[in-house]
Each structure stands twice: as structure tokens, then as C-alpha cells.
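*Asks:* Got protein-v5.csv for you, CSV, C-alpha atoms:
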chain,number,residue,atom,x,y,z
A,36,MET,CA,43.8,59.4,6.7
A,37,ILE,CA,40.3,58.1,7.2
A,38,VAL,CA,38.9,57.7,10.7
A,39,PHE,CA,36.4,54.8,10.8
A,40,PRO,CA,34.1,55.0,13.9
A,41,ALA,CA,33.3,51.4,15.0
A,42,ILE,CA,29.9,50.0,15.7
A,43,ASP,CA,30.2,46.5,17.2
A,44,ILE,CA,26.8,44.8,17.6
A,45,LYS,CA,26.0,42.1,20.2
A,46,ASP,CA,22.5,41.0,21.1
A,47,GLY,CA,21.2,43.9,19.0
A,48,GLN,CA,23.1,46.5,21.0
A,49,CYS,CA,26.1,48.7,20.4
A,50,VAL,CA,28.9,47.4,22.6
A,51,ARG,CA,32.6,47.5,23.0
A,52,LEU,CA,34.8,44.5,24.1
A,53,VAL,CA,38.2,44.3,25.6
A,54,GLN,CA,40.7,42.1,23.7
A,55,GLY,CA,37.8,40.5,21.9
A,56,GLU,CA,36.3,38.8,25.0
A,57,MET,CA,32.6,38.5,24.6
A,58,THR,CA,32.1,38.5,28.3
A,59,SER,CA,33.7,41.9,28.6
A,60,ALA,CA,31.0,43.7,26.6
A,61,THR,CA,30.0,47.1,27.7
A,62,VAL,CA,26.8,48.5,26.2
A,63,PHE,CA,27.2,52.1,25.0
A,64,ASN,CA,24.0,52.4,23.0
A,65,GLU,CA,20.9,50.1,22.9
A,66,ASP,CA,20.1,51.4,19.4
A,67,PRO,CA,23.0,50.9,16.8
A,68,ALA,CA,21.1,53.0,14.2
A,69,ALA,CA,20.9,55.9,16.6
A,70,GLN,CA,24.7,55.6,17.2
A,71,ALA,CA,25.2,55.5,13.4
A,72,GLN,CA,23.2,58.7,13.0
A,73,LEU,CA,25.3,60.4,15.7
A,74,PHE,CA,28.5,59.5,13.9
A,75,VAL,CA,27.0,61.0,10.7
A,76,SER,CA,26.1,64.2,12.5
A,77,GLN,CA,29.7,64.4,13.8
A,78,GLY,CA,31.0,64.4,10.3
A,79,PHE,CA,32.5,61.0,9.8
A,80,ALA,CA,32.8,59.8,6.2
A,81,TRP,CA,32.6,56.0,6.8
A,82,LEU,CA,31.1,53.5,9.3
A,83,HIS,CA,32.8,50.3,10.4
A,84,ILE,CA,30.3,47.7,11.6
A,85,VAL,CA,30.9,44.3,13.0
A,86,ASP,CA,28.3,41.7,13.9
A,87,LEU,CA,30.0,40.2,16.9
A,88,ASP,CA,27.6,37.3,17.4
A,89,GLY,CA,27.8,36.6,13.7
A,90,ALA,CA,31.6,36.4,13.9
A,91,VAL,CA,31.3,33.6,16.5
A,92,GLN,CA,28.3,31.8,15.0
A,93,GLY,CA,29.4,32.0,11.4
A,94,ARG,CA,26.2,33.6,10.1
A,95,ALA,CA,24.4,36.9,10.3
A,96,SER,CA,23.1,37.2,13.9
A,97,ASN,CA,22.2,40.9,14.1
A,98,TYR,CA,20.6,41.2,10.7
A,99,ALA,CA,17.8,43.7,11.7
A,100,ALA,CA,20.2,46.0,13.5
A,101,VAL,CA,22.5,46.2,10.5
A,102,VAL,CA,19.6,46.7,8.0
A,103,ASN,CA,18.3,49.5,10.2
A,104,ILE,CA,21.6,51.3,10.0
A,105,LEU,CA,21.7,50.9,6.2
A,106,LYS,CA,18.2,52.4,6.0
A,107,CYS,CA,19.0,55.3,8.3
A,108,VAL,CA,22.3,56.6,7.0
A,109,ALA,CA,23.8,57.4,3.6
A,110,LEU,CA,27.4,57.0,4.5
A,111,PRO,CA,29.4,54.1,3.0
A,112,VAL,CA,29.5,51.1,5.4
A,113,GLN,CA,32.1,48.4,5.7
A,114,LEU,CA,30.6,45.3,7.4
A,115,GLY,CA,32.2,42.2,8.9
A,116,GLY,CA,31.2,39.3,11.2
A,117,GLY,CA,30.0,35.9,10.0
A,118,ILE,CA,30.2,36.5,6.3
A,119,ARG,CA,31.6,33.2,5.1
A,120,ASP,CA,30.2,32.3,1.6
A,121,ARG,CA,29.4,33.9,-1.7
A,122,ALA,CA,25.7,34.0,-1.0
A,123,ALA,CA,26.3,36.1,2.1
A,124,ILE,CA,28.8,38.4,0.3
A,125,GLU,CA,26.4,39.0,-2.5
A,126,HIS,CA,23.4,39.5,-0.2
A,127,TRP,CA,25.2,42.3,1.8
A,128,LEU,CA,26.6,44.0,-1.2
A,129,GLU,CA,23.1,44.1,-2.8
A,130,ALA,CA,21.7,45.4,0.5
A,131,GLY,CA,23.8,48.5,0.3
A,132,VAL,CA,27.0,47.6,2.2
A,133,ARG,CA,29.9,49.3,0.4
A,134,ARG,CA,32.6,46.9,1.5
A,135,VAL,CA,32.3,43.4,3.0
A,136,ILE,CA,35.0,42.4,5.4
A,137,LEU,CA,36.1,38.8,5.2
A,138,GLY,CA,38.2,37.4,8.1
A,139,THR,CA,37.6,33.7,9.0
A,140,VAL,CA,36.9,32.7,5.4
A,141,ALA,CA,40.1,34.5,4.3
A,142,ALA,CA,42.1,32.1,6.4
A,143,ARG,CA,40.0,29.1,5.5
A,144,ASP,CA,39.3,29.6,1.8
A,145,PRO,CA,41.5,32.3,0.3
A,146,ASP,CA,40.4,31.4,-3.2
A,147,LEU,CA,36.8,32.3,-2.4
A,148,VAL,CA,38.0,35.7,-1.2
A,149,ARG,CA,40.0,36.2,-4.4
A,150,GLU,CA,37.1,35.2,-6.6
A,151,ALA,CA,34.8,37.6,-4.7
A,152,ALA,CA,37.3,40.4,-4.9
A,153,ARG,CA,37.7,40.0,-8.6
A,154,ALA,CA,34.0,39.9,-9.1
A,155,HIS,CA,33.5,43.1,-7.0
A,156,PRO,CA,36.7,45.2,-7.3
A,157,GLY,CA,37.1,47.6,-4.4
A,158,ARG,CA,34.3,46.1,-2.4
A,159,ILE,CA,36.0,43.3,-0.6
A,160,ALA,CA,38.2,43.9,2.5
A,161,VAL,CA,40.2,41.3,4.3
A,162,GLY,CA,40.2,41.4,8.1
A,163,LEU,CA,43.5,40.3,9.6
A,164,ASP,CA,43.0,39.9,13.3
A,165,ALA,CA,46.2,38.8,15.0
A,166,LYS,CA,47.3,37.2,18.2
A,167,HIS,CA,51.0,37.2,18.6
A,168,GLY,CA,51.3,37.8,14.9
A,169,ASN,CA,49.1,34.9,13.8
A,170,VAL,CA,45.7,35.1,12.3
A,171,ALA,CA,42.7,34.5,14.7
A,172,ILE,CA,39.4,33.4,13.4
A,173,SER,CA,35.8,32.6,14.5
A,174,GLY,CA,35.3,35.8,16.4
A,175,TRP,CA,38.9,35.6,17.7
A,176,THR,CA,38.1,32.3,19.6
A,177,LYS,CA,40.6,30.3,17.6
A,178,THR,CA,44.2,31.1,16.5
A,179,THR,CA,45.7,29.7,13.4
A,180,LYS,CA,49.4,29.0,12.8
A,181,THR,CA,49.3,31.4,9.8
A,182,PRO,CA,51.2,34.7,10.2
A,183,ALA,CA,49.1,37.7,9.3
A,184,ARG,CA,51.7,39.0,6.8
A,185,GLU,CA,51.8,35.6,5.0
A,186,LEU,CA,48.0,35.5,4.6
A,187,ALA,CA,47.9,39.1,3.4
A,188,LYS,CA,50.4,38.3,0.6
A,189,ARG,CA,47.9,35.8,-0.8
A,190,PHE,CA,45.6,38.6,-1.9
A,191,GLU,CA,48.2,40.9,-3.4
A,192,ASP,CA,46.9,40.6,-7.0
A,193,ALA,CA,43.2,40.0,-6.2
A,194,GLN,CA,41.8,43.6,-6.3
A,195,VAL,CA,41.1,43.5,-2.5
A,196,ALA,CA,40.1,47.0,-1.4
A,197,CYS,CA,42.1,47.0,1.8
A,198,LEU,CA,43.5,45.0,4.7
A,199,ILE,CA,42.1,45.7,8.2
A,200,TYR,CA,44.8,44.8,10.7
A,201,THR,CA,43.9,44.4,14.4
A,202,ASP,CA,46.2,43.5,17.2
A,203,ILE,CA,43.8,41.7,19.4
A,204,ALA,CA,45.9,42.2,22.5
A,205,ARG,CA,45.4,46.0,22.2
A,206,ASP,CA,41.8,46.1,21.1
A,207,GLY,CA,39.6,47.9,23.5
A,208,THR,CA,42.5,48.6,25.9
A,209,GLY,CA,43.5,52.2,24.9
A,210,MET,CA,47.2,51.1,24.8
A,211,GLY,CA,47.7,52.6,21.3
A,212,ILE,CA,48.1,51.1,17.9
A,213,ASN,CA,50.7,48.4,17.4
A,214,MET,CA,52.6,50.7,15.0
A,215,GLU,CA,55.5,48.3,14.5
A,216,GLU,CA,53.5,45.4,13.2
A,217,THR,CA,51.0,47.6,11.3
A,218,ALA,CA,53.9,49.2,9.5
A,219,ARG,CA,55.5,45.9,8.8
A,220,LEU,CA,52.3,44.7,7.2
A,221,ALA,CA,52.0,47.9,5.2
A,222,ASP,CA,55.6,47.5,4.0
A,223,HIS,CA,54.9,43.9,3.0
A,224,VAL,CA,52.1,44.4,0.6
A,225,SER,CA,50.8,47.0,-1.8
A,226,ILE,CA,47.2,46.7,-0.6
A,227,PRO,CA,46.1,49.7,1.5
A,228,VAL,CA,46.1,48.9,5.3
A,229,ILE,CA,43.6,50.2,7.9
A,230,ALA,CA,45.0,50.1,11.4
A,231,SER,CA,42.8,48.9,14.3
A,232,GLY,CA,43.0,48.1,18.0
A,233,GLY,CA,44.2,50.3,20.8
A,234,ILE,CA,43.5,53.9,20.0
A,235,GLY,CA,43.0,55.5,23.4
A,236,SER,CA,43.7,59.2,23.0
A,237,ILE,CA,43.9,62.0,20.4
A,238,SER,CA,47.7,61.7,20.8
A,239,ASP,CA,47.6,58.2,19.4
A,240,LEU,CA,45.9,59.5,16.3
A,241,ARG,CA,48.4,62.3,16.0
A,242,MET,CA,51.2,59.8,16.2
A,243,LEU,CA,49.7,57.7,13.5
A,244,LYS,CA,49.1,60.7,11.3
A,245,ALA,CA,52.7,61.9,11.9
A,246,PHE,CA,54.0,58.5,11.0
A,247,ASP,CA,52.6,59.2,7.5
A,248,HIS,CA,53.1,55.7,6.1
A,249,PRO,CA,52.0,55.9,2.4
A,250,ASN,CA,50.2,52.6,2.6
A,251,ILE,CA,48.3,53.1,5.8
A,252,GLN,CA,44.9,54.4,4.6
A,253,GLY,CA,43.1,54.9,7.9
A,254,VAL,CA,42.3,53.9,11.4
A,255,ILE,CA,39.4,52.4,13.3
A,256,VAL,CA,38.4,54.0,16.5
A,257,GLY,CA,36.0,52.4,19.0
A,258,ARG,CA,35.9,52.6,22.7
A,259,ALA,CA,37.8,55.9,22.9
A,260,LEU,CA,35.0,57.6,21.0
A,261,TYR,CA,32.3,56.2,23.2
A,262,ASP,CA,33.9,57.0,26.5
A,263,GLY,CA,35.0,60.5,25.5
A,264,ARG,CA,38.8,60.0,25.5
A,265,VAL,CA,38.8,60.9,21.8
A,266,ASP,CA,36.7,63.9,20.6
A,267,ALA,CA,35.1,63.2,17.2
A,268,LEU,CA,35.7,66.7,15.8
A,269,GLU,CA,39.2,66.8,17.0
A,270,ALA,CA,39.9,63.3,15.5
A,271,LEU,CA,38.6,64.4,12.2
A,272,SER,CA,40.7,67.6,12.3
A,273,VAL,CA,43.8,65.5,13.0
A,274,ALA,CA,43.0,63.1,10.2
A,275,LYS,CA,42.5,66.0,7.7
A,276,GLY,CA,45.6,67.8,8.8
Show me, as C-alpha cells, the structure contained in the file I just sent.

*Replies:*
Amino acid sequence: MIVFPAIDIKDGQCVRLVQGEMTSATVFNEDPAAQAQLFVSQGFAWLHIVDLDGAVQGRASNYAAVVNILKCVALPVQLGGGIRDRAAIEHWLEAGVRRVILGTVAARDPDLVREAARAHPGRIAVGLDAKHGNVAISGWTKTTKTPARELAKRFEDAQVACLIYTDIARDGTGMGINMEETARLADHVSIPVIASGGIGSISDLRMLKAFDHPNIQGVIVGRALYDGRVDALEALSVAKG
């Protein structure tokens, strides 16, 4: 199981939100690149980065902060937030991002995502952010009528690297992963699933690890790493065990 530490960027700073509400932002580090270097020093193997402003505005809004991270660390990075056309996809892949995460455009234009995934096997991830089971878009400000599992199925044969499933109601709350819905999604498709939203303690990670679903590849951890409820070294130990 891979633990992906999250770096969410708003106004050039590393923040955490609660249930995706931009007004709930708590700044944990004014320098996202320094935060990335800390995660490297702690032994993480990947970084999960989201341009929060970009997710809402539909274009890269924290470009300099992301580029600084790419320059400072050698770890593979998966990046999401405001990437909604082929030009943006190609740009970030060429800039050194290992995996581009497509969320809003996956709901609006699945064919574009499929084309990009086929052109770049293993380098396109689909972000499935769900409110009450339905896909939310535009930085979680709008909710579609499309069930997350239904959208996921559209990418079954498209060489998508993974699906990142977030239960928005749990994100930033420390309530624990929505195991039921995450497992249902993982059962529904053959694409690897990364769980997200709600990790609040090391016991949550132990539960996910013990669940041992063959199609759940990893988990994203955010606020709990920043406020100390999850110790980085202990989290990595659980993941490896």
C-alpha cells in the first residue's frame, strides 16, 4: 500500500481544507517546496499535489509553487487541479509530473481523458470526487447527477493509471475513509483505486491495510500528517507491513 502525502496549494501556500470548503483553509506551510522536501526526508515514495485555486478557476493558478516543487524533489508527483485540456496535460507531463489527475474534464469530456490515457499509458489518473455518491466538479463547487462508479466504468479499457476516490463529506474531517464506497468502487472496476478523504489516525491506516482489498493501491493522507495525528514513519511502517 502506498501512502501519498498531500500538498494542497492555495494562494501559493500549503493548506488543508475541511470538506473542500475554500473558506475553511488552514495554512500549514507558507512554502510548499519546503513541505515537499520534508515529506521526502520522511521517506515517502510519492507526492500528491492539488492546485486548489486551479480546480475552481479551471486553469493553473499556482504554477510557480508547483514548478518549485518539481525542481526541488526527485520523487514522482501526481498533480491535479484545473487541468482540463490536452495542452495542459502535455505541458505538465513534459514539466516532469509523473501522473496528471483529471477530475472535472473526466466528467465533462470522457473521450479526451481516454485519448490522453492511451497516448500516455500509466500517466493519467482520474479523480472521482463524490458527494452522496455523485461526481463533484469545478473544485467541488458543483455536483453532477453522475454516480462515481458509473463514470469510473467509462475508463475501464483506456489505460488509466488509477482512480482517486474521495468522499468529500469526510475530507479533512478525520472521520476515517469511507471504506464501503471505496470498496464498492474497487470491486466495480479493474483500474487500481487510491482512497482519499478522512484519514485521521494511524488506526485508520491499519484498518485500510488490514482490509487488504487487492484493487486498492494506496491512500492519500493530508491534515492528519500536518497536525501530528498520524506520524509519518509509523504510517510508512503500517503501509509496508

*Asks:* Interatomic distance between atom CA of A:Leu271 and atom CA of A:Val38?

*Replies:*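 Those two atoms sit 6.9 Å apart.
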
*Asks:* Tell me which of A:Ala154, A:Ile234, A:Leu240, A:Ile136 sits closest to A:Asp86, counting only C-alpha atoms.

*Replies:*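 Of all the options, A:Ile136 lies closest to A:Asp86.
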
*Asks:* Show which residues sit within 12 Å of A:Gly174, as number ranges by chain. Count all atoms listed in the file, and ignore same-chain residues fewer than 5 positions away.

*Replies:* A: 43, 45, 52, 54-57, 85-94, 115-118, 137-140, 162-165, 203

*Asks:* Could you please take those selected residues and save C-alpha atoms as a tab-separated table (two decimals), keeping the file's coordinate frame?

*Replies:*
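Written file, selection.tsv:
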chain	number	residue	atom	x	y	z
A	43	ASP	CA	30.20	46.50	17.20
A	45	LYS	CA	26.00	42.10	20.20
A	52	LEU	CA	34.80	44.50	24.10
A	54	GLN	CA	40.70	42.10	23.70
A	55	GLY	CA	37.80	40.50	21.90
A	56	GLU	CA	36.30	38.80	25.00
A	57	MET	CA	32.60	38.50	24.60
A	85	VAL	CA	30.90	44.30	13.00
A	86	ASP	CA	28.30	41.70	13.90
A	87	LEU	CA	30.00	40.20	16.90
A	88	ASP	CA	27.60	37.30	17.40
A	89	GLY	CA	27.80	36.60	13.70
A	90	ALA	CA	31.60	36.40	13.90
A	91	VAL	CA	31.30	33.60	16.50
A	92	GLN	CA	28.30	31.80	15.00
A	93	GLY	CA	29.40	32.00	11.40
A	94	ARG	CA	26.20	33.60	10.10
A	115	GLY	CA	32.20	42.20	8.90
A	116	GLY	CA	31.20	39.30	11.20
A	117	GLY	CA	30.00	35.90	10.00
A	118	ILE	CA	30.20	36.50	6.30
A	137	LEU	CA	36.10	38.80	5.20
A	138	GLY	CA	38.20	37.40	8.10
A	139	THR	CA	37.60	33.70	9.00
A	140	VAL	CA	36.90	32.70	5.40
A	162	GLY	CA	40.20	41.40	8.10
A	163	LEU	CA	43.50	40.30	9.60
A	164	ASP	CA	43.00	39.90	13.30
A	165	ALA	CA	46.20	38.80	15.00
A	203	ILE	CA	43.80	41.70	19.40

*Asks:* Hey, what's within 9 Å of stretch 176-184 of chain A if we count all atoms listed in the file and toss same-chain stuff fewer than 4 positions away? As a list in words, please?

*Replies:* Gly55, Glu56, Val91, Ala142, Leu163, Asp164, Ala165, Lys166, His167, Gly168, Asn169, Val170, Ala171, Ile172, Lys188, Tyr200, Arg219, Leu220, His223 and Val224 of chain A

*Asks:* Might you pull out every residue within 8 Å of A:Gln113, with all atoms listed in the file counted and same-chain residues fewer than 3 positions away left off, and present them as a list in words?

*Replies:*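 Surrounding residues, per the criterion: Trp81, Leu82, His83, Ile84, Val132, Arg133, Arg134, Val135 and Ile136 of chain A.
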
*Asks:* Residues at most 9 Å from A:Glu65, counting only C-alpha atoms, excluding those fewer than 4 positions away in the same chain, as a ChimeraX atom specification?

*Replies:* /A:47-50,69-70

*Asks:* Scan for residues within 10 Å of the point (40.1, 34.0, 2.0) in the coordinates of the file, using all atoms listed in the file, and reply as JSON, numbers by chain.

*Replies:* {"A": [119, 137, 138, 139, 140, 141, 142, 143, 144, 145, 146, 147, 148, 149, 150, 151, 152, 161, 162, 186, 187, 189, 190]}

*Asks:* Leaving out A:Arg241 and any residue of its chain fewer than 6 positions from it, which residues lie within 10 Å of it when counting all atoms listed in the file, given as a list in words?

*Replies:*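 The residues satisfying every condition are Asp247, Ala270, Val273, Ala274 and Gly276 of chain A.
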
*Asks:* Next, the residues of the selection above should be written as a PDB file, keeping the file's coordinate frame with C-alpha atoms.

*Replies:*
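And here's part_14.pdb as it stands now:
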ATOM      1  CA  ASP A 247      52.600  59.200   7.500  1.00  0.00           C
ATOM      2  CA  ALA A 270      39.900  63.300  15.500  1.00  0.00           C
ATOM      3  CA  VAL A 273      43.800  65.500  13.000  1.00  0.00           C
ATOM      4  CA  ALA A 274      43.000  63.100  10.200  1.00  0.00           C
ATOM      5  CA  GLY A 276      45.600  67.800   8.800  1.00  0.00           C
TER       6      GLY A 276
END

*Asks:* Expressed in Å to a single decimal, how great is the separation between atom CA of A:Ala41 and atom CA of A:Gly257?

*Replies:* 4.9 Å

*Asks:* So, counting all atoms listed in the file, which residue among A:Ile44, A:Lys244, A:Ala196, A:Arg264 is closest to A:Met214?

*Replies:* A:Lys244

*Asks:* Take atom CA of A:Phe74 and atom CA of A:Pro40 and report the distance between them in Å, one decimal.

*Replies:* 7.2 Å

*Asks:* Can you work out which one of A:Glu185, A:Val112, A:Asp266, A:Ala122 has the shortest atom-to-atom distance to A:Arg158, counting all atoms listed in the file?

*Replies:*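 Looking at the shortest contact to A:Arg158, the residue is A:Val112.
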
*Asks:* Would you please work out which residue, of A:Asp120, A:Glu216, A:Gln194, A:Gly78, is nearest to A:Phe39 when using all atoms listed in the file?

*Replies:* A:Gly78

*Asks:* Using all atoms listed in the file for the distances, tell me which of A:Lys275, A:His155, A:His248, A:Lys106 is nearest to A:Glu125.

*Replies:*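 That would be A:His155, the residue with the smallest distance to A:Glu125.
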
*Asks:* Which residues, protein or nucleic acid, reach to within 9 Å of (51.6, 51.0, 10.3) in the file's coordinates when using all atoms listed in the file, and can you give that as number ranges by chain?

*Replies:* A: 212-222, 228-230, 243, 246-248, 250-251

*Asks:* Out of A:Gly131, A:Asp206, A:Gln72, A:Ser231, which residue has the shortest atom-to-atom distance to A:Gly253 when counting all atoms listed in the file?

*Replies:*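 Once distances to A:Gly253 are computed over all atoms listed in the file, the minimum belongs to A:Ser231.
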